[in-house]
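One structure is given here, and the rest of the page talks about it.
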Amino acid sequence: MAKTSVNGKSLVIVESPAKAKTINKYLGYGYEVKASMGHIRDLPAKEFGVDLEKKFEPTYAIMPGKAKVVTALKAAAKKCKDIYLATDLDREGEAIAWHLAHILGVRYDKVYRVIFNAITHSAIKQAFANPGRIDIDKVMAQQARRILDRIVGYKISPLLWKKVARGLSAGRVQSVAVKMVVLREREIRGFKPEEYWHIPAIFTTDLDKDYGKPWRDFLSSTGKQDQRPNVDEQNKWFVEHNAFKAEIYKVGDESFKASNNEQAKRVYDAVKGAGFKIGNIEKKESSSRPGPPFITSTLQQAAANRLGFSTKRTMMYAQQLYEGVDLGEEMGSLGLITYMRTDSTHISPEAIGEARRFIQRHLGDVYVPDKANVFAAQKNAQAAHEAIRPTDVDMTPQDIRPLVSEEQYKLYDLIWRRFIACQMTPAKWDVTNLDIFAETKIGRCWYKAGGRVLVFDGFAKVWPVPSTDQQLPTVTAGQTLAIVDINAEQHFTKPPARYTEASLVKALEKEGIGRPSTYAAIISTILDRDYVEQKEKKLFATDLGEVVTDKLDQYFPEIMDVAFTRYMEEQLDKIEEQHLDWVRVLSEFYGPFKKSLDTAMTQMQHAKAETTPSDYECPHCGEKLVYRFGRNGKFLSCSAYPKCKFTWPCDKDGKMVEHQVSEHKCPICGKPMIHRKGRFGAFLGCSDYPNCKSIVRLDKQGNIAPPKPPPEPTGIKCYKCKEGQLVIRQSRKGPFLGCNRYPKCRTIVNIKQKDQLIQLQAQGLWPPRTPEEADKILEKTSTRSKSQKKTRASTGYSKKVAAQPALRSVSEDGH
């Protein structure tokens, strides 16, 4: 441990107050622990900030709202004899440490870098006993990633505003993720199901009993025509009736295959009354090893599948568990898990020893393998990191349950069980495979059945493994069987499943796109930008997502190429691992990118100007209808526009949407009102549109919403038109100030500036002579308001950071 002198303490800087609180109790009096409140310096928010002519030299600026934090840290640094930067151990944490060192302006020999995988007493003591220096290769790797993302986002996003719609963004990784969802959407849309048939049979060894009717009664016991008992319930019925299920797989010497009713009926007619016997019996033992401990991606997938957590929620609770949870006065704040952004399955020898001792004490020697289980690392995994595990295996989920939130408990329970299970013995099964045959008029027909019985639970005692295997009755070769049920069933091949958050993370990881710290941010961004929407936990590409993907794919094929994106990730990794020149990496990327950008600027057509033919004809003029893209997505429009202005909504597949007529009449013309959807949700529109443009708003329950209150006057003069006055209007996001001469004057002002503008007008300072002077006044009052808001919010930063951990990694690929 570095010694402190009587002349001053050592300053320790971490990212968040929660982390600072936990660390502070381990270090003692000689240290002063401060929080930087996350990132403190970055590329400027409103400028490009990268000099392309000077080897991609970045210009950094203190982030908005961080001036007071910087002042406080500088004051603390002057009082302390040395500084320990204890930010997270990944590239982003290293970059934060580097920025802090530059901002504080202290001598190099006074700045130490400490890293730790867990916030525990022993880990903190060991880290501070062996401090190092900032890893400049890791910093440059992060800087190159940040600059690369800035180039892509800052150059392509304005192009999308111009050619598609305002407010859109592009990202080096986010755009590829959207493309993956879009391609899956089109694969599903273009899928053509193929017919196939199965002829399953239920057999029993009880020859003297007819189980046909009991089986049919059992299938209908749910009371719902389209719902049968689940697999577990069926397997239970099989055991009670010495029965099992089998599938036909061979007819004569050929494999069974039926693609239509005629082929299936020929075989079914042959086997439905045949006498079946047991043929070959194969018995063997099998075992299944436990899975590796969690890394970021597998934790997100397991939490989604087992707990129903989104990737964002998973990382939020994981960060809380890592930084420290208050477990009461006796224990205080404790870090319960190791660092949660990792791609390594490595486990420290000490942690393995603790797990094996826990298993031996609480479960018995039979559950402890002779040697510790070791798991192969993934390609490009950072071996110096550890897997996600509990910091203390003796702190069981039940121990902490009364002291943490239910969500924290569930995630900790998942992590704890997975870690303990990974150091346990395999689960063992007795497996039986049966061949069943019958002599028929079309030759010998063969069925097969398989069953599996758990004989030793092993790791499954802690990490339950779901199984749908049936338990076969005891049989002998040549034994006769009775048919309980046999049917010819028609099936159709199904399209590939839509992505969920969990499966998209798995696909991104498999393709080498993104890194552990970016998965949650990528998914949040593509959902927030409306490129992808989520329904029943499935991800659907929106019309906007498809249009943007097509535009980018056409003019930026390399950026949208999965292989190229993976290559760029590998190059960025090599900056850290193999000392690759980061300027060269960016130069090799920027040359071809600049050519593509110039071409897109001149040749890309606006999305709203493009049309796609449809199979429909215009009901008004008889011309063909075409698909167009508008602010609400894809719709049908007459190809004779503007002579004919007929439009009609369509669904995702391009099919005309039939309007549902409501019971309400148009308040203007008296014609029926129909249900429509717009960018602000559902509403009622006149069926005589466009001749009558009357609309009626609906609330979230589909009922007619009360009329909006009339605008409230303020007496503030409009600074643009000088004729109108600003009035208070209501929007879905809350009140705002707008000119009462709308739509002739479209002036909008933030409602928070109302009192200030009233005061300025009373002083004769409003409205100013020019719009430019007004903009300066509005910007000044806005800055003052934001500063006050952020100062107030800073006192509760630990809760905010805990609730939004993904914000720390948006810089990896977002805006």
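Residues are named by chain letter and number: chains run A, B, ... in the order of the structure tokens, numbers start at 1 in each chain, and ligands are numbered from 1 in the order shown.
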
Got a sec: who's within 9 Å of stretch 577-594 of chain A, counting only C-alpha atoms, leaving out chain neighbours fewer than 2 positions off, as a VMD selection string? chain A and resid 55 to 56 137 to 138 140 to 141 143 to 144 147 to 148 151 to 152 556 558 to 559 568 571 to 575 596 to 599

Taking only stretch 616-729 of chain A into account, list the residues labelled strand (DSSP E) by DSSP (computed from the backbone), as number ranges by chain. A: 616-617, 624-630, 633-638, 647-649, 661-665, 672-678, 681-686, 695-697, 712-717, 725-729

Exercise: A:Ile483 partners within 7 Å, only C-alpha atoms, chain neighbours under 2 positions left out, as a PyMOL selection string: chain A and resi 202-204+481+485

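Using only C-alpha atoms, the residues found no farther than 8 Å from stretch 229-243 of chain A, other than those of its own chain fewer than 6 positions away, are Ile202, Phe203, Thr204, Thr205, Asp206, Tyr211, Phe218, Leu219, Ser221, Thr222, Thr468, Asp469, Gln470, Gln471, Leu472 and Pro473 of chain A.
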
Could you please take those selected residues and save N, CA, C and O atoms as an mmCIF file, in the first residue's frame?
```cif
data_model
loop_
_atom_site.group_PDB
_atom_site.id
_atom_site.type_symbol
_atom_site.label_atom_id
_atom_site.label_comp_id
_atom_site.auth_asym_id
_atom_site.auth_seq_id
_atom_site.Cartn_x
_atom_site.Cartn_y
_atom_site.Cartn_z
ATOM 1 N N ILE A 202 -48.209 -43.315 -31.014
ATOM 2 C CA ILE A 202 -48.091 -43.532 -29.572
ATOM 3 C C ILE A 202 -48.249 -45.036 -29.350
ATOM 4 O O ILE A 202 -49.265 -45.634 -29.737
ATOM 5 N N PHE A 203 -47.220 -45.654 -28.737
ATOM 6 C CA PHE A 203 -47.256 -47.094 -28.451
ATOM 7 C C PHE A 203 -47.310 -47.321 -26.948
ATOM 8 O O PHE A 203 -46.889 -46.472 -26.145
ATOM 9 N N THR A 204 -47.810 -48.490 -26.555
ATOM 10 C CA THR A 204 -47.795 -48.895 -25.148
ATOM 11 C C THR A 204 -47.420 -50.374 -25.051
ATOM 12 O O THR A 204 -47.644 -51.154 -25.992
ATOM 13 N N THR A 205 -46.855 -50.733 -23.906
ATOM 14 C CA THR A 205 -46.522 -52.146 -23.659
ATOM 15 C C THR A 205 -47.696 -52.893 -23.028
ATOM 16 O O THR A 205 -47.651 -54.110 -22.859
ATOM 17 N N ASP A 206 -48.759 -52.165 -22.628
ATOM 18 C CA ASP A 206 -49.945 -52.800 -22.036
ATOM 19 C C ASP A 206 -50.849 -53.304 -23.159
ATOM 20 O O ASP A 206 -51.702 -52.569 -23.683
ATOM 21 N N TYR A 211 -55.989 -47.773 -24.783
ATOM 22 C CA TYR A 211 -55.780 -46.408 -24.279
ATOM 23 C C TYR A 211 -56.164 -45.343 -25.307
ATOM 24 O O TYR A 211 -55.878 -44.157 -25.114
ATOM 25 N N PHE A 218 -57.587 -37.061 -22.913
ATOM 26 C CA PHE A 218 -56.496 -36.291 -22.302
ATOM 27 C C PHE A 218 -56.112 -35.094 -23.177
ATOM 28 O O PHE A 218 -55.897 -33.984 -22.670
ATOM 29 N N LEU A 219 -56.032 -35.294 -24.484
ATOM 30 C CA LEU A 219 -55.659 -34.207 -25.400
ATOM 31 C C LEU A 219 -56.674 -33.070 -25.371
ATOM 32 O O LEU A 219 -56.316 -31.903 -25.558
ATOM 33 N N SER A 221 -58.434 -32.260 -22.739
ATOM 34 C CA SER A 221 -58.694 -31.891 -21.335
ATOM 35 C C SER A 221 -58.451 -30.417 -21.051
ATOM 36 O O SER A 221 -58.895 -29.908 -20.016
ATOM 37 N N THR A 222 -57.749 -29.719 -21.936
ATOM 38 C CA THR A 222 -57.487 -28.294 -21.689
ATOM 39 C C THR A 222 -58.740 -27.461 -21.898
ATOM 40 O O THR A 222 -58.821 -26.330 -21.417
ATOM 41 N N THR A 468 -37.200 -31.995 -22.141
ATOM 42 C CA THR A 468 -38.499 -32.460 -22.648
ATOM 43 C C THR A 468 -38.427 -33.946 -23.032
ATOM 44 O O THR A 468 -39.303 -34.451 -23.733
ATOM 45 N N ASP A 469 -37.361 -34.618 -22.579
ATOM 46 C CA ASP A 469 -37.188 -36.036 -22.939
ATOM 47 C C ASP A 469 -38.227 -36.897 -22.234
ATOM 48 O O ASP A 469 -38.544 -36.704 -21.054
ATOM 49 N N GLN A 470 -38.730 -37.889 -22.958
ATOM 50 C CA GLN A 470 -39.671 -38.825 -22.369
ATOM 51 C C GLN A 470 -38.922 -39.971 -21.684
ATOM 52 O O GLN A 470 -37.757 -40.228 -21.967
ATOM 53 N N GLN A 471 -39.596 -40.616 -20.751
ATOM 54 C CA GLN A 471 -39.037 -41.771 -20.054
ATOM 55 C C GLN A 471 -39.667 -43.031 -20.644
ATOM 56 O O GLN A 471 -40.872 -43.237 -20.553
ATOM 57 N N LEU A 472 -38.842 -43.860 -21.252
ATOM 58 C CA LEU A 472 -39.357 -45.051 -21.927
ATOM 59 C C LEU A 472 -39.635 -46.172 -20.928
ATOM 60 O O LEU A 472 -38.912 -46.328 -19.941
ATOM 61 N N PRO A 473 -40.655 -46.966 -21.183
ATOM 62 C CA PRO A 473 -40.910 -48.141 -20.316
ATOM 63 C C PRO A 473 -39.846 -49.209 -20.586
ATOM 64 O O PRO A 473 -39.145 -49.183 -21.598
#
```

At most 10 Å is the cut-off: for each residue in stretch 71-154 of chain A with any atom that close to an atom of stretch 386-409 of chain A, write down the nearest atom pair and the distance in Å rounded to one decimal, counting only C-alpha atoms, chain first then increasing number, as CSV.
```
residue,atom,partner,partner_atom,distance
A:Asn117,CA,A:Glu386,CA,7.0
A:Ala118,CA,A:Thr391,CA,6.6
A:Ile119,CA,A:Thr391,CA,8.1
A:Thr120,CA,A:Thr391,CA,7.2
A:Ala123,CA,A:Thr391,CA,9.6
```

Deliver the residues from the most recent selection as a file, using C-alpha atoms, as a PDB file, in the first residue's frame.
```
ATOM      1  CA  ASN A 117     -11.882  -6.535 -11.175  1.00  0.00           C
ATOM      2  CA  ALA A 118     -14.026  -6.380  -8.063  1.00  0.00           C
ATOM      3  CA  ILE A 119     -14.753  -3.775  -5.421  1.00  0.00           C
ATOM      4  CA  THR A 120     -13.805  -5.818  -2.373  1.00  0.00           C
ATOM      5  CA  ALA A 123      -9.006  -6.435  -4.456  1.00  0.00           C
TER       6      ALA A 123
END
```

Contact residues around A:Ala372 with only C-alpha atoms at 8 Å, ignoring same-chain residues under 2 positions, as a PyMOL selection string: chain A and resi 352+356+369-370+374+423

Let me see the file: selected residues, N, CA, C and O atoms, as an mmCIF file, in the first residue's frame.
```cif
data_model
loop_
_atom_site.group_PDB
_atom_site.id
_atom_site.type_symbol
_atom_site.label_atom_id
_atom_site.label_comp_id
_atom_site.auth_asym_id
_atom_site.auth_seq_id
_atom_site.Cartn_x
_atom_site.Cartn_y
_atom_site.Cartn_z
ATOM 1 N N ILE A 352 -11.743 -19.873 -7.939
ATOM 2 C CA ILE A 352 -12.027 -21.292 -8.198
ATOM 3 C C ILE A 352 -11.951 -22.083 -6.900
ATOM 4 O O ILE A 352 -12.811 -22.930 -6.600
ATOM 5 N N ARG A 356 -14.955 -24.280 -5.141
ATOM 6 C CA ARG A 356 -14.834 -25.725 -4.887
ATOM 7 C C ARG A 356 -15.038 -26.039 -3.404
ATOM 8 O O ARG A 356 -15.679 -27.038 -3.056
ATOM 9 N N PRO A 369 -15.503 -31.773 -9.040
ATOM 10 C CA PRO A 369 -14.688 -32.528 -10.004
ATOM 11 C C PRO A 369 -13.253 -32.691 -9.501
ATOM 12 O O PRO A 369 -12.793 -31.922 -8.642
ATOM 13 N N ASP A 370 -12.548 -33.694 -10.020
ATOM 14 C CA ASP A 370 -11.163 -33.932 -9.598
ATOM 15 C C ASP A 370 -10.276 -32.722 -9.875
ATOM 16 O O ASP A 370 -9.404 -32.378 -9.085
ATOM 17 N N VAL A 374 -12.004 -25.685 -16.610
ATOM 18 C CA VAL A 374 -11.390 -24.552 -17.312
ATOM 19 C C VAL A 374 -12.105 -24.405 -18.646
ATOM 20 O O VAL A 374 -12.398 -25.400 -19.320
ATOM 21 N N GLN A 423 -18.244 -24.879 -11.736
ATOM 22 C CA GLN A 423 -17.172 -25.631 -11.079
ATOM 23 C C GLN A 423 -17.687 -26.942 -10.474
ATOM 24 O O GLN A 423 -17.058 -27.517 -9.587
#
```

Run DSSP on the backbone and give me the residues of stretch 251-470 of chain A it puts in helix (DSSP H, G or I), as a compact mmCIF listing (two decimals) with C-alpha atoms, in the first residue's frame.
```
# COMPACT_ATOMS: atom_id res chain seq x y z
CA ASN A 261 -51.34 -35.77 -48.63
CA GLU A 262 -51.21 -38.53 -51.23
CA GLN A 263 -47.71 -39.66 -50.24
CA ALA A 264 -48.55 -39.51 -46.53
CA LYS A 265 -51.86 -41.37 -46.95
CA ARG A 266 -50.15 -44.27 -48.74
CA VAL A 267 -47.87 -44.89 -45.75
CA TYR A 268 -50.54 -44.12 -43.14
CA ASP A 269 -52.97 -46.65 -44.64
CA ALA A 270 -50.21 -49.27 -44.45
CA VAL A 271 -49.19 -48.72 -40.81
CA THR A 296 -21.41 -9.70 -20.82
CA SER A 297 -23.19 -11.16 -23.84
CA THR A 298 -24.18 -14.46 -22.24
CA LEU A 299 -25.40 -12.66 -19.11
CA GLN A 300 -27.62 -10.45 -21.27
CA GLN A 301 -28.96 -13.48 -23.12
CA ALA A 302 -29.65 -15.51 -19.97
CA ALA A 303 -31.28 -12.55 -18.21
CA ALA A 304 -33.51 -11.99 -21.25
CA ASN A 305 -34.50 -15.65 -21.59
CA ARG A 306 -34.85 -16.55 -17.91
CA LEU A 307 -35.82 -13.24 -16.28
CA THR A 311 -30.20 -5.69 -22.22
CA LYS A 312 -30.41 -2.17 -20.79
CA ARG A 313 -32.05 -3.34 -17.54
CA THR A 314 -29.55 -6.17 -17.19
CA MET A 315 -26.59 -3.79 -17.39
CA MET A 316 -28.27 -1.33 -15.06
CA TYR A 317 -28.70 -3.90 -12.27
CA ALA A 318 -25.29 -5.46 -12.96
CA GLN A 319 -23.63 -2.07 -12.55
CA GLN A 320 -25.43 -1.57 -9.25
CA LEU A 321 -24.23 -4.98 -8.01
CA TYR A 322 -20.66 -4.22 -9.12
CA GLU A 323 -20.35 -0.68 -7.74
CA PRO A 349 -7.36 -19.45 -8.96
CA GLU A 350 -8.54 -17.96 -5.65
CA ALA A 351 -12.13 -17.72 -6.87
CA ILE A 352 -12.03 -21.29 -8.20
CA GLY A 353 -10.75 -22.49 -4.82
CA GLU A 354 -13.53 -20.68 -2.98
CA ALA A 355 -16.18 -22.18 -5.27
CA ARG A 356 -14.83 -25.72 -4.89
CA ARG A 357 -14.73 -25.40 -1.09
CA PHE A 358 -18.30 -24.05 -1.03
CA ILE A 359 -19.54 -26.95 -3.18
CA GLN A 360 -17.75 -29.49 -0.97
CA ARG A 361 -19.15 -28.02 2.26
CA HIS A 362 -22.73 -27.55 1.13
CA ASP A 365 -17.56 -34.35 -2.52
CA VAL A 366 -19.47 -36.07 -5.30
CA TYR A 367 -20.29 -32.65 -6.80
CA PRO A 397 -28.71 -15.11 -2.98
CA GLN A 398 -30.94 -15.91 -0.01
CA ASP A 399 -28.56 -14.08 2.32
CA ILE A 400 -28.90 -10.80 0.43
CA ARG A 401 -32.53 -11.08 -0.65
CA PRO A 402 -34.01 -9.07 2.25
CA LEU A 403 -31.43 -6.31 1.68
CA GLU A 406 -36.16 -7.93 -6.27
CA GLU A 407 -34.47 -7.21 -9.62
CA GLN A 408 -31.01 -7.08 -8.02
CA TYR A 409 -31.73 -10.34 -6.25
CA LYS A 410 -32.85 -12.10 -9.42
CA LEU A 411 -29.76 -11.04 -11.38
CA TYR A 412 -27.40 -11.87 -8.53
CA ASP A 413 -29.08 -15.27 -8.15
CA LEU A 414 -28.50 -15.91 -11.87
CA ILE A 415 -24.81 -14.93 -11.68
CA TRP A 416 -24.19 -16.80 -8.43
CA ARG A 417 -25.79 -20.05 -9.65
CA ARG A 418 -24.00 -19.94 -13.00
CA PHE A 419 -20.63 -19.46 -11.30
CA ILE A 420 -21.11 -22.22 -8.72
CA ALA A 421 -22.44 -24.57 -11.42
CA CYS A 422 -19.44 -23.98 -13.68
CA GLY A 458 -24.35 -32.81 -10.97
CA PHE A 459 -24.26 -29.10 -11.85
CA ALA A 460 -28.00 -29.24 -12.64
CA LYS A 461 -28.63 -29.27 -8.89
```

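Residues in contact with A:Leu778 at 9 Å, where only C-alpha atoms are counted and same-chain residues fewer than 5 positions away are skipped, are listed as A:Val749, A:Asn750, A:Gln753, A:Leu757, A:Glu773, A:Thr783.
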
Selected residues written out with N, CA and C atoms, as a short mmCIF file (atom, residue, chain, number, x, y, z; two decimals), in the first residue's frame:
```
data_model
loop_
_atom_site.label_atom_id
_atom_site.label_comp_id
_atom_site.auth_asym_id
_atom_site.auth_seq_id
_atom_site.Cartn_x
_atom_site.Cartn_y
_atom_site.Cartn_z
N VAL A 749 -40.94 28.58 -28.64
CA VAL A 749 -40.00 28.91 -27.57
C VAL A 749 -40.26 27.99 -26.39
N ASN A 750 -39.19 27.59 -25.71
CA ASN A 750 -39.31 26.72 -24.54
C ASN A 750 -40.14 27.40 -23.45
N GLN A 753 -38.75 29.54 -20.49
CA GLN A 753 -38.25 30.90 -20.66
C GLN A 753 -39.35 31.95 -20.53
N LEU A 757 -38.82 36.05 -20.22
CA LEU A 757 -39.22 36.91 -21.34
C LEU A 757 -40.22 37.98 -20.88
N GLU A 773 -30.41 38.68 -32.44
CA GLU A 773 -30.33 39.14 -31.04
C GLU A 773 -31.25 38.30 -30.15
N THR A 783 -29.27 28.32 -21.40
CA THR A 783 -28.05 27.81 -20.76
C THR A 783 -28.13 27.95 -19.26
#
```

List as a Markdown table every residue of stretch 292-392 of chain A that is in contact with stretch 89-93 of chain A, defined as an atom at most 9 Å from one of its atoms (using only C-alpha atoms), together with the nearest atom pair and the distance in Å rounded to one decimal, sorted by chain and then rising number.
```
| residue | atom | partner | partner_atom | distance |
| --- | --- | --- | --- | --- |
| A:Tyr339 | CA | A:Leu89 | CA | 8.3 |
| A:Arg341 | CA | A:Asp90 | CA | 7.7 |
| A:Thr342 | CA | A:Asp90 | CA | 8.2 |
| A:His385 | CA | A:Leu89 | CA | 8.3 |
```

I need the chosen residues saved as an mmCIF file, in the first residue's frame, with N, CA and C atoms.
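Output below, filename result-v2.cif:
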```cif
data_model
loop_
_atom_site.group_PDB
_atom_site.id
_atom_site.type_symbol
_atom_site.label_atom_id
_atom_site.label_comp_id
_atom_site.auth_asym_id
_atom_site.auth_seq_id
_atom_site.Cartn_x
_atom_site.Cartn_y
_atom_site.Cartn_z
ATOM 1 N N TYR A 339 -16.445 -7.110 -12.337
ATOM 2 C CA TYR A 339 -16.751 -6.156 -13.398
ATOM 3 C C TYR A 339 -17.610 -6.808 -14.477
ATOM 4 N N ARG A 341 -18.493 -5.758 -17.623
ATOM 5 C CA ARG A 341 -18.235 -5.595 -19.069
ATOM 6 C C ARG A 341 -16.975 -6.371 -19.415
ATOM 7 N N THR A 342 -17.162 -7.601 -19.839
ATOM 8 C CA THR A 342 -16.024 -8.481 -20.083
ATOM 9 C C THR A 342 -16.379 -9.503 -21.148
ATOM 10 N N HIS A 385 -8.884 -9.880 -18.013
ATOM 11 C CA HIS A 385 -10.160 -9.694 -17.328
ATOM 12 C C HIS A 385 -10.663 -11.031 -16.811
#
```

Write out as a PyMOL selection string each polymer residue whose atoms come within 9 Å of stretch 493-507 of chain A, counting only C-alpha atoms; drop sequence neighbours fewer than 4 positions from it. chain A and resi 177+180-181+184-185+187-196+297-298+300-305+310-311+511-513+519-520+523+534+537-540

Using N, CA and C atoms, can you export the residues from the last selection as an mmCIF file, in the first residue's frame?
```
data_model
loop_
_atom_site.group_PDB
_atom_site.id
_atom_site.type_symbol
_atom_site.label_atom_id
_atom_site.label_comp_id
_atom_site.auth_asym_id
_atom_site.auth_seq_id
_atom_site.Cartn_x
_atom_site.Cartn_y
_atom_site.Cartn_z
ATOM 1 N N ALA A 177 -26.226 -3.283 -37.301
ATOM 2 C CA ALA A 177 -27.208 -4.008 -36.482
ATOM 3 C C ALA A 177 -28.605 -3.857 -37.062
ATOM 4 N N MET A 180 -28.993 -6.091 -40.052
ATOM 5 C CA MET A 180 -29.238 -7.490 -39.699
ATOM 6 C C MET A 180 -30.715 -7.731 -39.424
ATOM 7 N N VAL A 181 -31.357 -6.782 -38.735
ATOM 8 C CA VAL A 181 -32.794 -6.916 -38.448
ATOM 9 C C VAL A 181 -33.606 -6.785 -39.741
ATOM 10 N N ARG A 184 -33.324 -9.957 -41.820
ATOM 11 C CA ARG A 184 -34.159 -11.008 -41.242
ATOM 12 C C ARG A 184 -35.635 -10.749 -41.561
ATOM 13 N N GLU A 185 -36.032 -9.475 -41.484
ATOM 14 C CA GLU A 185 -37.418 -9.106 -41.803
ATOM 15 C C GLU A 185 -37.762 -9.497 -43.235
ATOM 16 N N GLU A 187 -36.204 -11.704 -45.087
ATOM 17 C CA GLU A 187 -36.134 -13.159 -45.210
ATOM 18 C C GLU A 187 -37.469 -13.777 -44.796
ATOM 19 N N ILE A 188 -38.046 -13.259 -43.730
ATOM 20 C CA ILE A 188 -39.350 -13.740 -43.256
ATOM 21 C C ILE A 188 -40.438 -13.392 -44.273
ATOM 22 N N ARG A 189 -40.380 -12.163 -44.775
ATOM 23 C CA ARG A 189 -41.389 -11.689 -45.725
ATOM 24 C C ARG A 189 -41.358 -12.490 -47.030
ATOM 25 N N GLY A 190 -40.159 -12.848 -47.464
ATOM 26 C CA GLY A 190 -40.027 -13.574 -48.726
ATOM 27 C C GLY A 190 -40.065 -15.082 -48.579
ATOM 28 N N PHE A 191 -40.270 -15.551 -47.363
ATOM 29 C CA PHE A 191 -40.246 -16.994 -47.116
ATOM 30 C C PHE A 191 -41.466 -17.679 -47.736
ATOM 31 N N LYS A 192 -41.220 -18.781 -48.410
ATOM 32 C CA LYS A 192 -42.306 -19.578 -48.992
ATOM 33 C C LYS A 192 -42.371 -20.925 -48.284
ATOM 34 N N PRO A 193 -43.411 -21.143 -47.492
ATOM 35 C CA PRO A 193 -43.504 -22.396 -46.722
ATOM 36 C C PRO A 193 -43.631 -23.614 -47.627
ATOM 37 N N GLU A 194 -42.990 -24.687 -47.214
ATOM 38 C CA GLU A 194 -43.062 -25.945 -47.958
ATOM 39 C C GLU A 194 -43.802 -26.983 -47.109
ATOM 40 N N GLU A 195 -44.627 -27.738 -47.758
ATOM 41 C CA GLU A 195 -45.445 -28.745 -47.086
ATOM 42 C C GLU A 195 -44.626 -30.002 -46.788
ATOM 43 N N TYR A 196 -44.839 -30.555 -45.595
ATOM 44 C CA TYR A 196 -44.281 -31.868 -45.280
ATOM 45 C C TYR A 196 -45.215 -32.567 -44.280
ATOM 46 N N SER A 297 -22.171 -10.741 -22.883
ATOM 47 C CA SER A 297 -23.188 -11.158 -23.845
ATOM 48 C C SER A 297 -24.034 -12.314 -23.331
ATOM 49 N N THR A 298 -23.404 -13.310 -22.714
ATOM 50 C CA THR A 298 -24.177 -14.463 -22.235
ATOM 51 C C THR A 298 -25.040 -14.104 -21.031
ATOM 52 N N GLN A 300 -26.471 -11.133 -20.670
ATOM 53 C CA GLN A 300 -27.616 -10.446 -21.268
ATOM 54 C C GLN A 300 -28.599 -11.436 -21.866
ATOM 55 N N GLN A 301 -28.074 -12.477 -22.504
ATOM 56 C CA GLN A 301 -28.955 -13.478 -23.124
ATOM 57 C C GLN A 301 -29.711 -14.276 -22.064
ATOM 58 N N ALA A 302 -29.001 -14.720 -21.023
ATOM 59 C CA ALA A 302 -29.651 -15.512 -19.974
ATOM 60 C C ALA A 302 -30.671 -14.679 -19.212
ATOM 61 N N ALA A 303 -30.345 -13.413 -18.937
ATOM 62 C CA ALA A 303 -31.277 -12.548 -18.213
ATOM 63 C C ALA A 303 -32.525 -12.279 -19.047
ATOM 64 N N ALA A 304 -32.358 -12.191 -20.363
ATOM 65 C CA ALA A 304 -33.515 -11.985 -21.247
ATOM 66 C C ALA A 304 -34.378 -13.240 -21.290
ATOM 67 N N ASN A 305 -33.751 -14.403 -21.426
ATOM 68 C CA ASN A 305 -34.498 -15.649 -21.587
ATOM 69 C C ASN A 305 -35.104 -16.155 -20.282
ATOM 70 N N SER A 310 -34.541 -6.682 -20.350
ATOM 71 C CA SER A 310 -33.924 -6.120 -21.551
ATOM 72 C C SER A 310 -32.424 -6.008 -21.303
ATOM 73 N N THR A 311 -31.654 -5.833 -22.384
ATOM 74 C CA THR A 311 -30.201 -5.690 -22.219
ATOM 75 C C THR A 311 -29.882 -4.462 -21.369
ATOM 76 N N GLU A 511 -20.732 -12.525 -35.029
ATOM 77 C CA GLU A 511 -20.166 -11.850 -36.193
ATOM 78 C C GLU A 511 -18.979 -10.954 -35.839
ATOM 79 N N GLY A 512 -18.689 -10.820 -34.540
ATOM 80 C CA GLY A 512 -17.566 -9.975 -34.139
ATOM 81 C C GLY A 512 -17.860 -8.500 -34.265
ATOM 82 N N ILE A 513 -19.135 -8.129 -34.124
ATOM 83 C CA ILE A 513 -19.555 -6.730 -34.261
ATOM 84 C C ILE A 513 -19.828 -6.154 -32.879
ATOM 85 N N TYR A 519 -23.145 -3.542 -26.581
ATOM 86 C CA TYR A 519 -24.350 -4.268 -27.000
ATOM 87 C C TYR A 519 -25.639 -3.576 -26.542
ATOM 88 N N ALA A 520 -25.718 -3.239 -25.269
ATOM 89 C CA ALA A 520 -26.936 -2.616 -24.745
ATOM 90 C C ALA A 520 -27.176 -1.262 -25.397
ATOM 91 N N ILE A 523 -28.575 -1.625 -29.074
ATOM 92 C CA ILE A 523 -29.995 -1.977 -29.132
ATOM 93 C C ILE A 523 -30.867 -0.804 -28.686
ATOM 94 N N GLN A 534 -40.161 -2.954 -31.092
ATOM 95 C CA GLN A 534 -40.243 -4.185 -30.306
ATOM 96 C C GLN A 534 -41.698 -4.502 -29.986
ATOM 97 N N LYS A 537 -41.483 -8.632 -27.274
ATOM 98 C CA LYS A 537 -40.049 -8.924 -27.119
ATOM 99 C C LYS A 537 -39.356 -9.321 -28.430
ATOM 100 N N LYS A 538 -40.078 -9.233 -29.538
ATOM 101 C CA LYS A 538 -39.470 -9.508 -30.838
ATOM 102 C C LYS A 538 -39.158 -8.194 -31.544
ATOM 103 N N LEU A 539 -38.077 -8.188 -32.319
ATOM 104 C CA LEU A 539 -37.628 -6.976 -32.997
ATOM 105 C C LEU A 539 -38.107 -6.980 -34.448
ATOM 106 N N PHE A 540 -38.778 -5.910 -34.841
ATOM 107 C CA PHE A 540 -39.298 -5.742 -36.197
ATOM 108 C C PHE A 540 -38.617 -4.533 -36.829
#
```
